[in-house]
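File shown: upload_20.cif (mmCIF, C-alpha atoms).
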```cif
data_data
loop_
_atom_site.label_atom_id
_atom_site.label_comp_id
_atom_site.auth_asym_id
_atom_site.auth_seq_id
_atom_site.Cartn_x
_atom_site.Cartn_y
_atom_site.Cartn_z
CA MET A 1390 -6.33 20.91 21.94
CA LYS A 1391 -4.02 20.21 24.86
CA GLN A 1392 -0.49 19.17 24.01
CA PRO A 1393 -0.26 15.39 23.62
CA SER A 1394 2.63 13.37 25.08
CA PRO A 1395 5.42 12.68 22.59
CA ARG A 1396 5.82 9.16 21.22
CA GLY A 1397 9.41 9.38 20.06
CA GLU A 1398 12.22 11.73 19.11
CA LEU A 1399 10.41 13.32 16.15
CA SER A 1400 7.12 14.09 17.89
CA ALA A 1401 9.03 15.31 20.97
CA LEU A 1402 10.92 17.81 18.83
CA VAL A 1403 7.87 18.97 16.84
CA LEU A 1404 5.97 19.60 20.08
CA SER A 1405 8.87 21.53 21.53
CA VAL A 1406 9.24 23.58 18.32
CA LEU A 1407 5.50 24.38 18.35
CA ALA A 1408 5.69 25.48 21.96
CA GLY A 1409 8.45 27.95 21.07
CA SER A 1410 8.05 31.18 19.14
CA ARG A 1411 8.17 31.28 15.36
CA GLY A 1412 11.44 32.56 13.96
CA SER A 1413 13.44 31.24 16.88
CA GLY A 1414 15.24 27.95 16.76
CA GLN A 1415 16.17 27.55 13.08
CA ASP A 1416 18.54 24.83 14.29
CA ALA A 1417 15.62 22.93 15.77
CA LEU A 1418 13.67 23.19 12.48
CA ALA A 1419 16.64 21.92 10.49
CA ARG A 1420 17.05 19.07 12.94
CA LEU A 1421 13.31 18.32 12.69
CA ASP A 1422 13.62 17.93 8.93
CA LEU A 1423 16.59 15.61 9.37
CA LEU A 1424 14.78 13.52 11.98
CA ALA A 1425 11.73 13.23 9.71
CA VAL A 1426 13.87 11.94 6.83
CA GLU A 1427 15.47 9.39 9.15
CA ALA A 1428 12.18 8.30 10.72
CA ILE A 1429 10.58 7.80 7.29
CA SER A 1430 13.50 5.74 5.97
CA ARG A 1431 13.64 3.67 9.17
CA THR A 1432 9.98 2.88 9.82
CA PRO A 1433 8.84 -0.66 9.03
CA ASP A 1434 5.28 0.66 8.48
CA ILE A 1435 4.30 4.31 8.62
CA LEU A 1436 0.65 3.36 9.20
CA LEU A 1437 1.57 1.79 12.55
CA ASP A 1438 4.36 4.21 13.49
CA ASP A 1439 3.32 6.14 16.61
CA ASP A 1440 6.01 8.80 16.32
CA LEU A 1441 5.31 9.63 12.65
CA GLN A 1442 1.51 9.45 12.89
CA LEU A 1443 1.43 11.68 15.99
CA THR A 1444 3.80 14.17 14.34
CA LEU A 1445 1.58 14.32 11.25
CA PHE A 1446 -1.55 14.60 13.40
CA CYS A 1447 -0.07 17.57 15.30
CA LEU A 1448 1.00 19.31 12.09
CA TYR A 1449 -2.52 18.87 10.69
CA GLU A 1450 -4.09 20.03 13.93
CA LEU A 1451 -2.64 23.49 13.27
CA HIS A 1452 -5.27 23.74 10.48
CA TYR A 1453 -8.13 22.74 12.79
CA SER A 1454 -8.47 23.89 16.38
CA GLY A 1455 -4.76 24.36 17.05
CA ILE A 1456 -2.64 23.05 19.92
CA ASP A 1457 -2.33 24.73 23.30
CA GLU A 1458 1.01 26.57 23.61
CA ALA A 1459 1.50 26.53 19.81
CA GLY A 1460 1.33 29.99 18.23
CA ASP A 1461 -1.17 30.42 15.38
CA ASP A 1462 1.61 31.59 13.05
CA TRP A 1463 3.01 28.08 12.81
CA GLU A 1464 0.15 26.98 10.53
CA TRP A 1465 1.78 28.26 7.34
CA ASP A 1466 5.42 28.10 8.41
CA PRO A 1467 7.36 26.93 5.30
CA ASP A 1468 9.83 24.83 7.32
CA LEU A 1469 7.05 22.97 9.10
CA LEU A 1470 5.16 22.52 5.83
CA ARG A 1471 8.29 20.97 4.31
CA VAL A 1472 8.42 18.43 7.13
CA ARG A 1473 4.70 17.76 6.81
CA HIS A 1474 5.09 17.22 3.08
CA ARG A 1475 7.85 14.64 3.61
CA ILE A 1476 5.66 12.62 5.98
CA GLU A 1477 2.59 13.04 3.77
CA ALA A 1478 4.43 11.77 0.69
CA ALA A 1479 5.48 8.58 2.49
CA PHE A 1480 2.04 8.20 4.06
CA GLU A 1481 0.21 8.64 0.75
CA GLN A 1482 2.49 6.12 -0.98
CA ARG A 1483 1.88 3.58 1.80
CA VAL A 1484 -1.90 4.11 1.55
CA ARG A 1485 -1.76 3.65 -2.24
CA ASP A 1486 0.16 0.39 -1.73
CA GLU A 1487 -2.54 -0.80 0.68
CA THR A 1488 -5.42 0.14 -1.62
CA VAL A 1489 -6.89 -1.99 -4.37
CA VAL A 1490 -9.20 -0.32 -6.89
CA GLY A 1491 -11.18 -2.44 -9.34
CA PRO A 1492 -11.74 -1.69 -13.02
CA PRO A 1493 -13.29 1.76 -13.42
CA PRO A 1494 -16.98 2.05 -14.34
CA GLU A 1495 -18.33 4.45 -16.97
CA PRO A 1496 -17.88 8.08 -15.84
CA THR A 1497 -21.62 8.54 -15.27
CA SER A 1498 -23.37 9.35 -12.04
CA ALA A 1499 -25.36 6.11 -12.04
CA ALA A 1500 -22.34 3.91 -12.76
CA VAL A 1501 -20.12 5.65 -10.17
CA CYS A 1502 -22.86 5.37 -7.54
CA ALA A 1503 -23.39 1.68 -8.31
CA GLU A 1504 -19.65 0.99 -8.13
CA LEU A 1505 -19.34 2.76 -4.76
CA PHE A 1506 -22.25 0.73 -3.37
CA ARG A 1507 -20.61 -2.42 -4.73
CA MET A 1508 -17.26 -1.57 -3.09
CA THR A 1509 -18.82 -0.71 0.25
CA GLY A 1510 -21.04 -3.79 0.20
CA GLU A 1511 -18.10 -6.18 0.17
CA ASP A 1512 -17.23 -7.50 3.60
CA GLY A 1513 -13.70 -6.32 4.20
CA GLY A 1514 -12.75 -7.84 7.54
CA PRO A 1515 -14.12 -8.58 10.99
CA SER A 1516 -17.41 -6.99 11.95
CA MET A 1517 -16.86 -4.82 14.98
CA SER A 1518 -20.47 -3.66 14.95
CA ARG A 1519 -21.93 -7.16 15.23
CA PHE A 1520 -19.54 -7.90 18.11
CA VAL A 1521 -20.53 -4.63 19.81
CA ALA A 1522 -24.23 -5.44 19.40
CA LYS A 1523 -23.93 -8.93 20.89
CA SER A 1524 -20.98 -9.32 23.22
CA ALA A 1525 -18.80 -6.26 23.89
CA THR A 1526 -18.19 -5.39 27.54
CA ASP A 1527 -18.74 -2.01 29.09
CA ASP A 1528 -14.97 -1.30 28.93
CA GLN A 1529 -14.86 -2.27 25.26
CA LEU A 1530 -17.74 0.08 24.42
CA ARG A 1531 -15.85 2.84 26.17
CA GLU A 1532 -12.74 1.99 24.17
CA LEU A 1533 -14.78 2.23 20.97
CA LEU A 1534 -15.87 5.74 21.92
CA VAL A 1535 -12.28 6.73 22.76
CA HIS A 1536 -11.06 5.59 19.32
CA ARG A 1537 -13.91 7.39 17.59
CA SER A 1538 -13.63 10.54 19.71
CA ILE A 1539 -10.61 11.68 17.70
CA SER A 1540 -12.75 12.15 14.59
CA GLN A 1541 -16.28 12.41 15.97
CA LEU A 1542 -15.67 15.39 18.26
CA ARG A 1543 -14.84 17.30 15.09
CA GLU A 1544 -17.19 15.29 12.90
CA ALA A 1545 -17.49 16.48 9.29
CA ASP A 1546 -14.66 19.03 9.52
CA PRO A 1547 -12.08 17.32 7.26
CA HIS A 1548 -14.63 16.93 4.45
CA THR A 1549 -15.76 20.55 4.79
CA PHE A 1550 -12.36 21.59 3.38
CA ALA A 1551 -13.59 20.19 0.03
CA ILE A 1552 -16.56 22.58 -0.33
CA PRO A 1553 -14.79 25.49 -2.07
CA ARG A 1554 -13.06 23.03 -4.41
CA LEU A 1555 -16.29 21.70 -5.87
CA SER A 1556 -18.95 23.42 -7.96
CA GLY A 1557 -22.46 22.83 -9.22
CA ARG A 1558 -24.24 19.57 -8.43
CA SER A 1559 -21.45 17.97 -6.39
CA LYS A 1560 -21.05 21.12 -4.27
CA ALA A 1561 -24.78 21.40 -3.54
CA ALA A 1562 -24.78 17.73 -2.53
CA LEU A 1563 -21.77 18.05 -0.23
CA VAL A 1564 -23.25 21.14 1.42
CA GLU A 1565 -26.59 19.36 1.89
CA ILE A 1566 -24.81 16.50 3.69
CA GLN A 1567 -22.56 18.77 5.75
CA ALA A 1568 -25.46 21.02 6.81
CA ASP A 1569 -27.12 17.93 8.26
CA GLU A 1570 -23.84 16.92 9.98
CA TYR A 1571 -23.68 20.36 11.59
CA GLY A 1572 -27.29 20.12 12.81
CA ASN A 1573 -28.89 22.43 10.22
CA GLY A 1574 -28.13 25.35 12.49
CA LEU A 1575 -29.31 23.67 15.68
CA LEU A 1576 -26.35 23.31 18.03
CA ALA A 1577 -27.93 20.42 19.94
CA ARG A 1578 -28.37 18.46 16.66
CA MET A 1579 -24.76 18.95 15.55
CA HIS A 1580 -23.27 15.47 15.29
CA SER A 1581 -20.14 16.37 17.23
CA VAL A 1582 -22.37 17.67 20.03
CA LEU A 1583 -24.44 14.47 19.99
CA PHE A 1584 -21.21 12.47 20.23
CA ALA A 1585 -19.99 14.57 23.17
CA ARG A 1586 -23.29 13.80 24.92
CA THR A 1587 -22.74 10.08 24.33
CA MET A 1588 -19.25 10.33 25.84
CA ARG A 1589 -20.52 12.13 28.93
CA GLY A 1590 -23.32 9.57 29.20
CA VAL A 1591 -20.81 6.77 29.76
CA GLY A 1592 -18.63 8.87 32.03
CA LEU A 1593 -15.93 9.88 29.54
CA ASP A 1594 -14.32 13.29 29.15
CA ASP A 1595 -15.81 15.01 26.05
CA THR A 1596 -12.98 17.54 25.67
CA TYR A 1597 -11.53 17.41 22.16
CA GLY A 1598 -8.22 15.57 22.29
CA ALA A 1599 -8.63 14.37 25.89
CA TYR A 1600 -7.80 10.79 24.85
CA LEU A 1601 -5.27 11.49 22.12
CA ASP A 1602 -2.53 9.84 24.19
CA ALA A 1603 -4.61 6.67 24.52
CA VAL A 1604 -5.22 5.90 20.84
CA PRO A 1605 -2.79 3.82 18.75
CA ALA A 1606 -1.05 4.94 15.56
CA ILE A 1607 -3.63 3.28 13.30
CA THR A 1608 -6.44 5.40 14.79
CA LEU A 1609 -4.36 8.51 14.11
CA ALA A 1610 -3.75 7.21 10.57
CA VAL A 1611 -7.52 6.94 9.97
CA ASN A 1612 -7.80 10.62 10.89
CA ASN A 1613 -4.64 11.73 9.10
CA LEU A 1614 -5.99 10.18 5.90
CA MET A 1615 -9.03 12.47 6.02
CA SER A 1616 -6.81 15.51 6.59
CA LEU A 1617 -4.47 14.49 3.76
CA PHE A 1618 -7.41 14.21 1.36
CA GLY A 1619 -9.22 17.27 2.71
CA LEU A 1620 -6.29 19.69 2.77
CA HIS A 1621 -5.03 19.06 -0.77
CA ARG A 1622 -7.07 20.31 -3.70
CA ARG A 1623 -5.14 17.80 -5.80
CA LEU A 1624 -6.98 15.09 -3.84
CA ARG A 1625 -10.50 16.57 -4.06
CA GLY A 1626 -11.72 13.46 -5.85
CA ALA A 1627 -10.32 11.31 -3.05
CA ILE A 1628 -11.98 13.25 -0.21
CA VAL A 1629 -15.31 13.01 -2.07
CA GLY A 1630 -14.88 9.26 -2.55
CA HIS A 1631 -13.85 8.93 1.08
CA LEU A 1632 -17.01 10.65 2.32
CA ALA A 1633 -19.23 8.59 0.01
CA ALA A 1634 -17.71 5.33 1.30
CA TYR A 1635 -18.00 6.59 4.88
CA GLU A 1636 -21.70 7.38 4.49
CA MET A 1637 -22.36 4.07 2.72
CA THR A 1638 -20.89 2.04 5.58
CA SER A 1639 -22.61 3.84 8.42
CA SER A 1640 -26.35 3.13 8.78
CA GLN A 1641 -26.23 -0.56 9.70
CA PRO A 1642 -23.13 -0.42 11.94
CA ASN A 1643 -24.62 2.50 13.86
CA ARG A 1644 -27.84 0.54 14.37
CA LEU A 1645 -25.76 -2.28 15.86
CA TYR A 1646 -23.69 0.10 18.02
CA SER A 1647 -26.92 1.53 19.40
CA ARG A 1648 -28.11 -1.99 20.20
CA GLY A 1649 -24.84 -2.72 22.03
CA PHE A 1650 -25.14 0.34 24.28
CA GLY A 1651 -28.83 -0.41 24.82
CA ARG A 1652 -27.97 -4.02 25.79
CA LEU A 1653 -25.78 -2.72 28.61
CA GLY A 1654 -28.56 -0.51 29.89
CA TYR A 1655 -27.61 2.89 28.46
CA GLY A 1656 -30.49 5.17 27.57
CA SER A 1657 -31.26 7.49 24.69
CA GLU A 1658 -28.82 10.17 25.88
CA VAL A 1659 -26.08 7.67 24.93
CA THR A 1660 -27.69 5.91 21.95
CA GLU A 1661 -29.14 8.98 20.20
CA TYR A 1662 -25.89 9.71 18.38
CA PHE A 1663 -26.00 6.25 16.79
CA ASP A 1664 -29.77 6.28 16.18
CA GLU A 1665 -29.48 9.65 14.43
CA HIS A 1666 -26.83 8.23 12.11
CA VAL A 1667 -28.97 5.28 11.06
CA GLU A 1668 -31.54 7.63 9.53
CA ALA A 1669 -29.19 10.45 8.49
CA ASP A 1670 -26.69 8.29 6.68
CA ALA A 1671 -29.40 6.34 4.82
CA VAL A 1672 -30.18 9.77 3.29
CA HIS A 1673 -26.57 10.89 2.97
CA GLU A 1674 -25.34 7.76 1.20
CA GLN A 1675 -27.82 8.35 -1.63
CA ILE A 1676 -26.86 12.00 -2.03
CA ALA A 1677 -23.15 11.21 -1.67
CA GLY A 1678 -23.07 8.43 -4.24
CA ARG A 1679 -25.24 9.89 -6.98
CA ASP A 1680 -25.00 13.68 -6.68
CA MET A 1681 -21.71 14.35 -4.90
CA ALA A 1682 -19.37 11.62 -6.22
CA GLY A 1683 -21.31 10.88 -9.41
CA GLY A 1684 -21.88 14.58 -10.06
CA LEU A 1685 -18.18 15.34 -9.61
CA VAL A 1686 -17.12 12.63 -12.05
CA GLU A 1687 -19.69 13.75 -14.65
CA SER A 1688 -18.37 17.31 -14.42
CA ASP A 1689 -14.73 16.16 -14.57
CA PRO A 1690 -14.27 12.54 -15.71
CA ARG A 1691 -10.52 12.77 -15.02
CA LEU A 1692 -11.36 12.54 -11.31
CA LEU A 1693 -12.98 9.09 -11.58
CA GLY A 1694 -9.83 7.27 -10.47
CA ASP A 1695 -9.31 9.59 -7.50
CA VAL A 1696 -12.92 9.17 -6.32
CA LEU A 1697 -12.57 5.37 -6.36
CA PHE A 1698 -9.13 5.58 -4.73
CA GLY A 1699 -10.46 7.78 -1.91
CA ALA A 1700 -13.30 5.36 -1.23
CA ALA A 1701 -11.06 2.27 -1.35
CA ALA A 1702 -8.37 3.92 0.79
CA GLY A 1703 -10.86 4.93 3.48
CA LEU A 1704 -12.25 1.39 3.61
CA ALA A 1705 -8.78 -0.20 3.67
CA ILE A 1706 -7.32 1.94 6.47
CA ASP A 1707 -10.55 1.66 8.47
CA THR A 1708 -10.32 -2.12 8.16
CA LEU A 1709 -6.78 -2.03 9.58
CA MET A 1710 -8.09 -0.14 12.61
CA THR A 1711 -10.95 -2.61 13.06
CA VAL A 1712 -8.51 -5.52 12.84
CA HIS A 1713 -6.31 -3.88 15.48
CA ILE A 1714 -9.23 -3.40 17.87
CA MET A 1715 -10.77 -6.83 17.32
CA ASP A 1716 -7.39 -8.61 17.67
CA ALA A 1717 -6.92 -6.93 21.04
CA TRP A 1718 -10.44 -7.71 22.23
CA GLU A 1719 -10.29 -11.33 21.10
CA SER A 1720 -7.23 -11.85 23.28
CA ASN A 1721 -8.77 -9.93 26.18
CA ARG A 1722 -6.39 -7.01 25.83
CA SER A 1723 -7.17 -3.33 25.65
CA SER A 1724 -6.99 -1.87 22.13
CA LEU A 1725 -5.70 1.40 23.58
CA ARG A 1726 -2.11 2.40 24.40
CA THR A 1727 -3.04 3.23 27.96
CA ALA A 1728 -5.45 0.65 29.25
CA GLU A 1729 -6.89 2.80 31.99
CA VAL A 1730 -9.57 5.06 30.61
CA ALA A 1731 -10.81 7.45 33.25
CA VAL A 1732 -14.41 6.81 34.20
CA MET B 46 -30.47 54.08 -2.12
CA GLY B 47 -34.28 53.99 -2.25
CA ALA B 48 -34.23 51.28 -4.88
CA GLU B 49 -31.84 49.23 -2.77
CA MET B 50 -34.12 49.54 0.23
CA ASP B 51 -37.07 48.32 -1.86
CA THR B 52 -35.07 45.37 -3.10
CA ALA B 53 -34.07 44.50 0.43
CA ALA B 54 -37.71 44.73 1.55
CA ASP B 55 -38.81 42.55 -1.38
CA ALA B 56 -36.17 40.03 -0.48
CA GLU B 57 -37.43 40.04 3.10
CA ASP B 58 -40.99 39.40 1.84
CA ALA B 59 -39.77 36.61 -0.38
CA ARG B 60 -38.03 35.03 2.57
CA SER B 61 -41.06 35.15 4.83
CA ASP B 62 -43.32 33.74 2.09
CA HIS B 63 -40.87 31.07 1.12
CA PRO B 64 -38.85 29.65 3.95
CA LEU B 65 -35.74 27.63 3.18
CA ASN B 66 -36.16 24.74 0.75
CA SER B 67 -39.55 25.90 -0.46
CA GLY B 68 -41.08 28.05 -3.16
CA ALA B 69 -40.63 28.08 -6.89
CA ASP B 70 -36.92 27.18 -6.71
CA ALA B 71 -37.61 24.19 -4.52
CA PRO B 72 -40.41 22.13 -6.04
CA VAL B 73 -40.92 18.78 -4.36
CA THR B 74 -38.79 16.19 -6.08
CA VAL B 75 -38.79 12.47 -5.50
CA VAL B 76 -35.78 10.48 -6.65
CA ALA B 77 -36.39 6.76 -6.96
CA CYS B 78 -32.92 5.54 -5.97
CA PRO B 79 -32.01 2.34 -7.84
CA ASN B 80 -32.35 -0.64 -5.45
CA GLY B 81 -32.92 1.86 -2.64
CA PRO B 82 -35.30 4.35 -1.06
CA LEU B 83 -37.32 7.27 -2.39
CA LEU B 84 -35.36 10.46 -1.74
CA VAL B 85 -37.75 13.38 -1.13
CA ARG B 86 -36.55 16.98 -1.31
CA GLY B 87 -38.29 20.36 -1.24
CA ASP B 88 -41.34 21.89 0.41
CA PHE B 89 -43.47 18.98 1.62
CA THR B 90 -45.26 17.75 4.70
CA LEU B 91 -45.21 14.10 5.68
CA VAL B 92 -48.45 12.98 7.36
CA GLY B 93 -49.80 9.72 8.74
CA THR B 94 -53.09 8.11 7.72
CA ASP B 95 -54.84 10.29 10.34
CA GLY B 96 -53.47 13.42 8.67
CA ALA B 97 -51.20 14.23 11.61
CA GLU B 98 -47.68 15.34 10.74
CA LEU B 99 -45.03 12.66 11.25
CA PRO B 100 -41.92 13.36 13.32
CA ARG B 101 -39.18 14.59 11.01
CA THR B 102 -35.73 15.91 11.93
CA ARG B 103 -34.29 16.71 8.48
CA ARG B 104 -35.32 18.57 5.37
CA THR B 105 -34.46 15.84 2.86
CA VAL B 106 -35.70 12.39 3.78
CA ALA B 107 -35.32 8.86 2.39
CA LEU B 108 -38.53 6.84 2.45
CA CYS B 109 -38.34 3.05 2.71
CA ARG B 110 -39.56 1.12 -0.30
CA CYS B 111 -38.09 -2.31 0.38
CA GLY B 112 -40.30 -2.85 3.43
CA ALA B 113 -37.46 -3.96 5.71
CA SER B 114 -36.64 -0.69 7.52
CA VAL B 115 -37.19 -0.61 11.27
CA LEU B 116 -37.54 3.18 11.06
CA LYS B 117 -40.47 3.26 8.63
CA PRO B 118 -41.50 5.37 6.88
CA TYR B 119 -37.80 6.32 6.79
CA CYS B 120 -35.04 4.24 5.23
CA ASP B 121 -32.42 2.65 7.50
CA GLY B 122 -30.27 1.09 4.78
CA SER B 123 -31.82 -2.38 5.22
CA HIS B 124 -32.41 -2.72 1.46
CA LYS B 125 -28.71 -3.46 1.09
CA LEU B 126 -28.97 -6.45 3.41
CA THR B 127 -32.15 -7.89 1.88
CA GLY B 128 -30.91 -7.56 -1.70
CA PHE B 129 -33.91 -5.43 -2.69
CA ARG B 130 -34.12 -4.82 -6.44
CA SER B 131 -36.13 -1.92 -7.82
CA ASP B 132 -35.91 -2.96 -11.47
CA PRO B 133 -38.30 -5.70 -12.59
#
```
Can the structure in the file be given as structure tokens, please?
Amino acid sequence: MKQPSPRGELSALVLSVLAGSRGSGQDALARLDLLAVEAISRTPDILLDDDLQLTLFCLYELHYSGIDEAGDDWEWDPDLLRVRHRIEAAFEQRVRDETVVGPPPEPTSAAVCAELFRMTGEDGGPSMSRFVAKSATDDQLRELLVHRSISQLREADPHTFAIPRLSGRSKAALVEIQADEYGNGLLARMHSVLFARTMRGVGLDDTYGAYLDAVPAITLAVNNLMSLFGLHRRLRGAIVGHLAAYEMTSSQPNRLYSRGFGRLGYGSEVTEYFDEHVEADAVHEQIAGRDMAGGLVESDPRLLGDVLFGAAAGLAIDTLMTVHIMDAWESNRSSLRTAEVAV
Amino acid sequence: MGAEMDTAADAEDARSDHPLNSGADAPVTVVACPNGPLLVRGDFTLVGTDGAELPRTRRTVALCRCGASVLKPYCDGSHKLTGFRSDP
């Protein structure tokens, strides 16, 4: 991924450290730690803090496709991991404060599945998909794709980190879902490839990270949440719950997104990504609820709370992003940091 | 060495006879999802009333049983909107 533009003192320093060689600049690393402590204590809300969310996103990116100019050795650098841990701890606490989990069901597959469907069936905020279907403008549809490009151009990757941490029924279920996400071996059917085609179809750049500078902190937070859950074995229940909730809230919105793009005259090369998800996620949500999440809880009932937390957290932070986008659109503003999206 | 070669050849035969998601380890199973679709896994062919194979892009499919899907025979999640109940 190309280097993003810094959004404050902390992200400026982390990007400059990453661009240098490992082992040099111990002073800079010590200063980075200090700046992180200050930024965390100063921020009114870490979920909306551009500097902290971008810093965390860049530190996580070292575990995915990397950042141009950043040496691969930085991934497991103990000093950088210490900084990441500081930000993660504050981020996780803030997410827990934002998340409400109801009374736990019985630790059975059927009860867990039913509870997840109940949670995801509750209307938790404005409906972006209905607005997209009926009234969104061409520019707003493009903005939607820009927000989603951060996760969809690497679709499924954060949840793949969970595979070696599961076993038995829940593992088979996760692999079945992920295989479908990755196109069952067919490159052209890989969901990230379908999304790239959609972006090109509306004239957007499909390079991973091309619009990182344009998206607000809350969009980065949505992505950082998946990395937080995916990269910590401690949170394996949460990443499973997160994926289940994600699959359970996908079919109908994607049908409406497809309708919105169709309404503005875009053809199947643009809508196929959404159409594919209507059918795929109607399958995935059943496997995810009963076999993956339910199966995990049956094999280890201690993870019940984490599964529900992961689902609730994903829904809550996603709602904050939707609110941000809809607030901007309702007052005829762009929901992006840089209003001009190259066409 | 010879035994290993035979095993490898047997494995190759087994693969060609039983492509992925088929054979004795993959009997067709149908899960009646509560208040939802029929989830079909394994080695099966989905055909229309004329016997012609229906378009299918994934190995495991969810078949509509609430009647409201616009993707029939596949499920599109509409059962959640219509309040479909599978129990009597």
key: Picked residues, the PyMOL selection byres ((chain B) within 7 of (chain A)), as a list of chain:residue names   =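 Selected by the PyMOL selection byres ((chain B) within 7 of (chain A)) in this file: B:Val106, B:Ala107, B:Tyr119, B:Cys120, B:Asp121, B:Gly122.
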inquiry  = If we count only C-alpha atoms and set the cut-off at 6 Å, which residues sit around Val73 in chain B, ignoring sequence neighbours fewer than 5 positions away in its own chain? Please answer as a count of residues only.
reply    = 3
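Near range 76-79 of chain B, within 8 Å and counting all atoms listed in the file, sit Gln1675 of chain A; Thr74, Gly81, Pro82, Leu83, Leu84, Val85, Arg130, Ser131 and Asp132 of chain B, not including residues fewer than 2 positions from it in the same chain.
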key: Gap from CA of Arg1691 in chain A to CA of Ala1479 in chain A - Å, one decimal   =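 Those two atoms sit 24.1 Å apart.
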task = Could you expand the PyMOL selection byres ((chain A and resi 1443) around 12) into the explicit residues it covers here, written as a PyMOL selection string?
result = chain A and resi 1392-1404+1435-1442+1444-1450+1473+1476+1601-1613
task = Spell out the residues picked by the PyMOL selection byres ((chain A and resi 1390) around 9) here, as a PyMOL selection string.
result = chain A and resi 1391-1393+1450+1454-1457+1596-1599
Since we have the selection now, will you write its residues out, keeping C-alpha atoms, as a PDB file, in the frame of the given file?
```pdb
ATOM      1  CA  LYS A1391      -4.020  20.210  24.860  1.00  0.00           C
ATOM      2  CA  GLN A1392      -0.490  19.170  24.010  1.00  0.00           C
ATOM      3  CA  PRO A1393      -0.260  15.390  23.620  1.00  0.00           C
ATOM      4  CA  GLU A1450      -4.090  20.030  13.930  1.00  0.00           C
ATOM      5  CA  SER A1454      -8.470  23.890  16.380  1.00  0.00           C
ATOM      6  CA  GLY A1455      -4.760  24.360  17.050  1.00  0.00           C
ATOM      7  CA  ILE A1456      -2.640  23.050  19.920  1.00  0.00           C
ATOM      8  CA  ASP A1457      -2.330  24.730  23.300  1.00  0.00           C
ATOM      9  CA  THR A1596     -12.980  17.540  25.670  1.00  0.00           C
ATOM     10  CA  TYR A1597     -11.530  17.410  22.160  1.00  0.00           C
ATOM     11  CA  GLY A1598      -8.220  15.570  22.290  1.00  0.00           C
ATOM     12  CA  ALA A1599      -8.630  14.370  25.890  1.00  0.00           C
TER      13      ALA A1599
END
```
ask   = What does the distance between CA of Gly1694 in chain A and CA of His1621 in chain A come to in Å, to one decimal place?
value = 16.0 Å
message = I'd like the interatomic distance between CA of Gly1460 in chain A and CA of Val1472 in chain A, to a tenth of an Å.
response =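 Computed distance, CA of Gly1460 in chain A to CA of Val1472 in chain A, equals 17.5 Å.
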For a cutoff of 12 Å around the file-coordinate point (-45.1, 13.1, 6.0), which residues qualify once you count all atoms listed in the file? I'd like the result as a tab-separated table (two decimals) with C-alpha atoms, in the frame of the given file.
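In the end it all went to part_7.tsv:
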```tsv
chain	number	residue	atom	x	y	z
B	85	VAL	CA	-37.75	13.38	-1.13
B	86	ARG	CA	-36.55	16.98	-1.31
B	88	ASP	CA	-41.34	21.89	0.41
B	89	PHE	CA	-43.47	18.98	1.62
B	90	THR	CA	-45.26	17.75	4.70
B	91	LEU	CA	-45.21	14.10	5.68
B	92	VAL	CA	-48.45	12.98	7.36
B	93	GLY	CA	-49.80	9.72	8.74
B	94	THR	CA	-53.09	8.11	7.72
B	95	ASP	CA	-54.84	10.29	10.34
B	96	GLY	CA	-53.47	13.42	8.67
B	97	ALA	CA	-51.20	14.23	11.61
B	98	GLU	CA	-47.68	15.34	10.74
B	99	LEU	CA	-45.03	12.66	11.25
B	100	PRO	CA	-41.92	13.36	13.32
B	101	ARG	CA	-39.18	14.59	11.01
B	102	THR	CA	-35.73	15.91	11.93
B	103	ARG	CA	-34.29	16.71	8.48
B	104	ARG	CA	-35.32	18.57	5.37
B	105	THR	CA	-34.46	15.84	2.86
B	106	VAL	CA	-35.70	12.39	3.78
B	107	ALA	CA	-35.32	8.86	2.39
B	108	LEU	CA	-38.53	6.84	2.45
B	117	LYS	CA	-40.47	3.26	8.63
B	118	PRO	CA	-41.50	5.37	6.88
B	119	TYR	CA	-37.80	6.32	6.79
```
Near Gly1619 in chain A, counting all atoms listed in the file, which residues have an atom at most 8 Å away, once you skip same-chain residues fewer than 4 positions from it, shown as a PDB file with C-alpha atoms, keeping the file's coordinate frame?
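After the write, part.pdb holds the following:
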```
ATOM      1  CA  PRO A1547     -12.080  17.320   7.260  1.00  0.00           C
ATOM      2  CA  HIS A1548     -14.630  16.930   4.450  1.00  0.00           C
ATOM      3  CA  THR A1549     -15.760  20.550   4.790  1.00  0.00           C
ATOM      4  CA  PHE A1550     -12.360  21.590   3.380  1.00  0.00           C
ATOM      5  CA  ALA A1551     -13.590  20.190   0.030  1.00  0.00           C
ATOM      6  CA  MET A1615      -9.030  12.470   6.020  1.00  0.00           C
ATOM      7  CA  LEU A1624      -6.980  15.090  -3.840  1.00  0.00           C
ATOM      8  CA  ARG A1625     -10.500  16.570  -4.060  1.00  0.00           C
ATOM      9  CA  ILE A1628     -11.980  13.250  -0.210  1.00  0.00           C
TER      10      ILE A1628
END
```
